[in-house]
Amino acid sequence: MQMRLKTLLLSAAAALSLAAAPAIADGVKVGLITTLSGGGAGIGADVRDGFMLALKNAGDAGKQVEVVLEDDQQKPDVAVQIADKMIQSDNVDVLTGIIWSNLAMAVVPAATGQGKFYLSSNAAPSALAGSGCNPLYFSVSYQNDNLHEAAGAYASEKGVKKMFIMAPNYPAGQDSLAGFKRFYTGEVVAEVYTQVGQTDFAAEIAQIRASGAEEVFFFQPGGMGIAFLKQYAESGVDIPLIGPGFSLSEDILPAVGDAAIGIKNTSHWSTDLDNPANKAFVEGFRADFGRFPSLYAAQAYDTANLLLSAMAKASPSDPEAFRAALAAAEFDSVRGKFGFGPNQHPIQDIYVLEVEKRDGELTNKIIGTAMTDRGDAYAEQCQM
């Protein structure tokens with residue numbers, strides 16, 4: 001294990017070719033790859049805005065970060081091309097920003113293989129948390145299963161005996177339903193995988209109507225979630241919904257409208273989480289962008305602040321020291337309590353939220369805690 005770690009870090013140092021660089025970073029170039037077109041554009045806007053707000057709030061320290069921003073168009077081949085260009089031509093030190101797990105699976109191993117740090121502000125597939133973990137890869141968000149695990153635990157605690165579960169057919173969707181089932185003790189009456197980018201859910205809603213389920217667990221982020229929630233409300237089906245925070249995040253709630261009010265979801269963050277860093281973040285985001293931030297913006301904000309905290313101690317040109325500085329996670333997270341587990345994925349609390357209207361806008365409020373100090377199911381498989 002130690003030999004693999006040492007080899008990877010030495011490889012990173014060689015790739016950076018900056019052996020004589022100073023120990024403290026006096027400038028870091030970040031490649032921010034995210035989705036800024038199509039059905040996921042709202043998520044990508046929040047990732048971009050949350051990251052840039054943290055740099056702005058950091059004053060002179062934030063000015064030491066140069067951001068190269070590009071749209072991956074939600075296409076793995078485009079994301080890989082962008083990442084290679086950023087590494088080989090733009091000479092970025094760190095990459096971040098990818099939303100979708102299939103894109104992360106295409107980009108992250110290639111980036112770390114070229115000696116670059118990748119800080120995930122969202123996607124965190126199980127394959128990169130377990131045997132595919134890497135010293136240069138940190139998830140600052142969660143592990144894909146986490147919010148879904150919490151939904152399964154919450155449904156079990158409520159005593160729901162029959163669940164219909166549904167997610168898109170890609171790595172995060174597969175992790176989603178695996179996570180839900182890991183903590184759900186009742187009967188899954190149907191397990192349905194939809195297409196990525198799907199916008200017509202008539203067939204699935206008919207299946208739900210006929211399923212005999214007491215509740216429905218659905219994971220449909222971005223434009224998929226908007227389409228499903230609108231069509232479900234119009235269908236007249238009165239089976240209650242529960243989702244992870246991605247399905248009811250602030251980036252999609254304005255488009256869904258009041259039909260979302262009262263729906264429960266699970267998240268590691270909320271606009272009303274009571275700590276000074278979060279209050280400043282939410283107020284600053286609303287002031288700058290005129291809307292409530294989503295969990296995607298919160299994660300990106302934390303990612304930027306983690307980066308800044310590491311830069312204060314070391315440079316990416318000294319990969320071993322920079323990795324140690326990242327692992328220490330010495331920054332004020334909008335989540336309050338935050339730390340990394342042995343596979344460099346978060347250990348954090350996960351809450352039960354409910355959609356409400358606050359100050360005339362749709363957002364979420366915390367109504368309970370589903371899990372405390374949750375790591376993930378794959379850490380033991382990580383050999384670093």
# chains A, B, ... in the order shown; residues from 1 in each chain; ligands from 1
>>> select_by_dssp(residues="region 85-268 of chain A", states="strand (DSSP E or B)", output="ChimeraX atom specification")
/A:94-96,117-120,137-139,162-168,187-194,215-218,241-244,264-267
>>> write_last_selection(atoms="N, CA and C atoms", output="JSON list (two decimals), in the first residue's frame")
[["chain", "number", "residue", "atom", "x", "y", "z"],
["A", 94, "VAL", "N", -4.88, 21.44, -10.91],
["A", 94, "VAL", "CA", -5.99, 20.74, -10.25],
["A", 94, "VAL", "C", -7.19, 20.76, -11.18],
["A", 95, "LEU", "N", -7.97, 19.68, -11.19],
["A", 95, "LEU", "CA", -9.23, 19.66, -11.94],
["A", 95, "LEU", "C", -10.39, 19.46, -10.98],
["A", 96, "THR", "N", -11.58, 19.94, -11.39],
["A", 96, "THR", "CA", -12.78, 19.81, -10.57],
["A", 96, "THR", "C", -14.00, 20.07, -11.45],
["A", 117, "PHE", "N", -4.13, 16.46, -9.50],
["A", 117, "PHE", "CA", -5.13, 16.29, -8.45],
["A", 117, "PHE", "C", -6.52, 16.52, -9.03],
["A", 118, "TYR", "N", -7.46, 15.70, -8.60],
["A", 118, "TYR", "CA", -8.86, 15.93, -8.95],
["A", 118, "TYR", "C", -9.65, 16.06, -7.65],
["A", 119, "LEU", "N", -10.32, 17.19, -7.48],
["A", 119, "LEU", "CA", -11.18, 17.45, -6.32],
["A", 119, "LEU", "C", -12.61, 17.42, -6.80],
["A", 120, "SER", "N", -13.36, 16.40, -6.43],
["A", 120, "SER", "CA", -14.72, 16.28, -6.95],
["A", 120, "SER", "C", -15.68, 17.16, -6.15],
["A", 137, "TYR", "N", -6.99, 11.83, -5.76],
["A", 137, "TYR", "CA", -8.43, 12.05, -5.94],
["A", 137, "TYR", "C", -9.11, 12.22, -4.59],
["A", 138, "PHE", "N", -9.81, 13.34, -4.43],
["A", 138, "PHE", "CA", -10.61, 13.62, -3.24],
["A", 138, "PHE", "C", -12.05, 13.89, -3.67],
["A", 139, "SER", "N", -13.00, 13.31, -2.97],
["A", 139, "SER", "CA", -14.40, 13.70, -3.14],
["A", 139, "SER", "C", -14.75, 14.68, -2.03],
["A", 162, "LYS", "N", -43.71, -0.97, 1.45],
["A", 162, "LYS", "CA", -43.59, -1.26, 0.02],
["A", 162, "LYS", "C", -43.15, 0.00, -0.72],
["A", 163, "MET", "N", -42.02, -0.13, -1.45],
["A", 163, "MET", "CA", -41.45, 1.02, -2.15],
["A", 163, "MET", "C", -41.28, 0.71, -3.63],
["A", 164, "PHE", "N", -41.59, 1.70, -4.44],
["A", 164, "PHE", "CA", -41.24, 1.70, -5.87],
["A", 164, "PHE", "C", -39.99, 2.56, -5.98],
["A", 165, "ILE", "N", -38.91, 2.06, -6.59],
["A", 165, "ILE", "CA", -37.67, 2.83, -6.67],
["A", 165, "ILE", "C", -37.25, 3.01, -8.13],
["A", 166, "MET", "N", -36.70, 4.19, -8.44],
["A", 166, "MET", "CA", -36.44, 4.55, -9.84],
["A", 166, "MET", "C", -35.24, 5.50, -9.92],
["A", 167, "ALA", "N", -34.38, 5.25, -10.92],
["A", 167, "ALA", "CA", -33.20, 6.10, -11.13],
["A", 167, "ALA", "C", -32.75, 5.96, -12.58],
["A", 168, "PRO", "N", -31.95, 6.92, -13.08],
["A", 168, "PRO", "CA", -31.41, 6.81, -14.44],
["A", 168, "PRO", "C", -30.36, 5.70, -14.51],
["A", 187, "GLU", "N", -40.17, -4.03, 1.42],
["A", 187, "GLU", "CA", -40.19, -4.72, 0.13],
["A", 187, "GLU", "C", -40.09, -3.70, -1.01],
["A", 188, "VAL", "N", -39.17, -3.96, -1.93],
["A", 188, "VAL", "CA", -39.10, -3.16, -3.15],
["A", 188, "VAL", "C", -40.01, -3.82, -4.18],
["A", 189, "VAL", "N", -41.15, -3.18, -4.48],
["A", 189, "VAL", "CA", -42.12, -3.81, -5.38],
["A", 189, "VAL", "C", -41.73, -3.66, -6.84],
["A", 190, "ALA", "N", -40.90, -2.66, -7.16],
["A", 190, "ALA", "CA", -40.41, -2.49, -8.53],
["A", 190, "ALA", "C", -39.14, -1.65, -8.48],
["A", 191, "GLU", "N", -38.17, -2.03, -9.31],
["A", 191, "GLU", "CA", -36.90, -1.31, -9.43],
["A", 191, "GLU", "C", -36.74, -0.96, -10.90],
["A", 192, "VAL", "N", -36.84, 0.33, -11.22],
["A", 192, "VAL", "CA", -36.90, 0.76, -12.61],
["A", 192, "VAL", "C", -35.74, 1.69, -12.93],
["A", 193, "TYR", "N", -35.06, 1.40, -14.05],
["A", 193, "TYR", "CA", -34.00, 2.29, -14.54],
["A", 193, "TYR", "C", -34.50, 3.03, -15.77],
["A", 194, "THR", "N", -34.40, 4.34, -15.74],
["A", 194, "THR", "CA", -34.82, 5.19, -16.85],
["A", 194, "THR", "C", -33.59, 5.58, -17.68],
["A", 215, "GLU", "N", -44.97, 4.22, -1.15],
["A", 215, "GLU", "CA", -44.23, 5.44, -1.46],
["A", 215, "GLU", "C", -43.30, 5.16, -2.64],
["A", 216, "VAL", "N", -42.79, 6.24, -3.23],
["A", 216, "VAL", "CA", -41.89, 6.16, -4.38],
["A", 216, "VAL", "C", -40.59, 6.85, -4.04],
["A", 217, "PHE", "N", -39.48, 6.14, -4.24],
["A", 217, "PHE", "CA", -38.16, 6.76, -4.15],
["A", 217, "PHE", "C", -37.67, 7.02, -5.56],
["A", 218, "PHE", "N", -37.35, 8.29, -5.86],
["A", 218, "PHE", "CA", -36.90, 8.62, -7.22],
["A", 218, "PHE", "C", -35.65, 9.47, -7.17],
["A", 241, "LEU", "N", -43.91, 10.86, -2.61],
["A", 241, "LEU", "CA", -42.57, 10.77, -3.16],
["A", 241, "LEU", "C", -41.53, 11.06, -2.08],
["A", 242, "ILE", "N", -40.38, 10.42, -2.20],
["A", 242, "ILE", "CA", -39.19, 10.79, -1.43],
["A", 242, "ILE", "C", -38.00, 10.67, -2.37],
["A", 243, "GLY", "N", -37.07, 11.59, -2.26],
["A", 243, "GLY", "CA", -35.90, 11.53, -3.14],
["A", 243, "GLY", "C", -34.65, 11.95, -2.39],
["A", 244, "PRO", "N", -33.49, 11.79, -3.04],
["A", 244, "PRO", "CA", -32.29, 12.41, -2.51],
["A", 244, "PRO", "C", -32.34, 13.90, -2.81],
["A", 264, "LYS", "N", -40.41, 15.22, 0.78],
["A", 264, "LYS", "CA", -39.24, 14.96, 1.62],
["A", 264, "LYS", "C", -38.06, 14.53, 0.76],
["A", 265, "ASN", "N", -36.86, 14.91, 1.21],
["A", 265, "ASN", "CA", -35.64, 14.45, 0.56],
["A", 265, "ASN", "C", -34.51, 14.41, 1.57],
["A", 266, "THR", "N", -33.39, 13.83, 1.18],
["A", 266, "THR", "CA", -32.28, 13.65, 2.11],
["A", 266, "THR", "C", -31.03, 14.33, 1.55],
["A", 267, "SER", "N", -30.31, 15.03, 2.41],
["A", 267, "SER", "CA", -29.14, 15.78, 1.96],
["A", 267, "SER", "C", -28.17, 16.01, 3.11]]
>>> closest_atom_pairs(of="region 124-242 of chain A", to="region 349-367 of chain A", cutoff="9 Å", atoms="only C-alpha atoms", output="CSV")
residue,atom,partner,partner_atom,distance
A:Asn146,CA,A:Ile350,CA,8.0
A:Leu147,CA,A:Ile350,CA,7.0
A:Ala150,CA,A:Ile350,CA,6.7
A:Ala151,CA,A:Val352,CA,8.0
A:Tyr154,CA,A:Val352,CA,7.7
>>> residues_around(residues="Ser101 (chain A)", least_positions_apart="2", cutoff="8 Å", atoms="only C-alpha atoms", output="ChimeraX atom specification")
/A:98-99,103-105,123-125,170-172
>>> residues_around(residues="Gln88 (chain A)", least_positions_apart="4", cutoff="12 Å", atoms="only C-alpha atoms", output="number ranges by chain")
A: 15-16, 31, 80-84, 92-93, 110-111, 114-116
>>> write_last_selection(atoms="C-alpha atoms", output="mmCIF file, in the first residue's frame")
data_model
loop_
_atom_site.group_PDB
_atom_site.id
_atom_site.type_symbol
_atom_site.label_atom_id
_atom_site.label_comp_id
_atom_site.auth_asym_id
_atom_site.auth_seq_id
_atom_site.Cartn_x
_atom_site.Cartn_y
_atom_site.Cartn_z
ATOM 1 C CA ALA A 15 4.554 15.096 -14.182
ATOM 2 C CA LEU A 16 4.475 18.552 -12.652
ATOM 3 C CA GLY A 31 -9.490 23.348 -14.691
ATOM 4 C CA VAL A 80 -12.014 13.722 -21.793
ATOM 5 C CA GLN A 81 -10.904 15.988 -24.644
ATOM 6 C CA ILE A 82 -11.290 19.068 -22.445
ATOM 7 C CA ALA A 83 -9.386 17.468 -19.557
ATOM 8 C CA ASP A 84 -6.513 16.429 -21.804
ATOM 9 C CA VAL A 92 -3.626 23.175 -14.904
ATOM 10 C CA ASP A 93 -2.580 21.925 -11.466
ATOM 11 C CA ALA A 110 -6.899 9.773 -16.828
ATOM 12 C CA ALA A 111 -6.242 12.971 -14.860
ATOM 13 C CA GLN A 114 -1.110 12.217 -15.580
ATOM 14 C CA GLY A 115 -0.197 13.351 -12.071
ATOM 15 C CA LYS A 116 -2.996 15.864 -11.544
#
>>> closest_residue(among="A:Ser156, A:Ser249, A:Asn144, A:Asn275", to="Ile263 (chain A)", atoms="only C-alpha atoms")
A:Ser249
>>> residues_around(residues="region 221-231 of chain A", least_positions_apart="6", cutoff="8 Å", atoms="only C-alpha atoms", output="ChimeraX atom specification")
/A:39-43,196-202,246-248,251-253,255-256,259-260
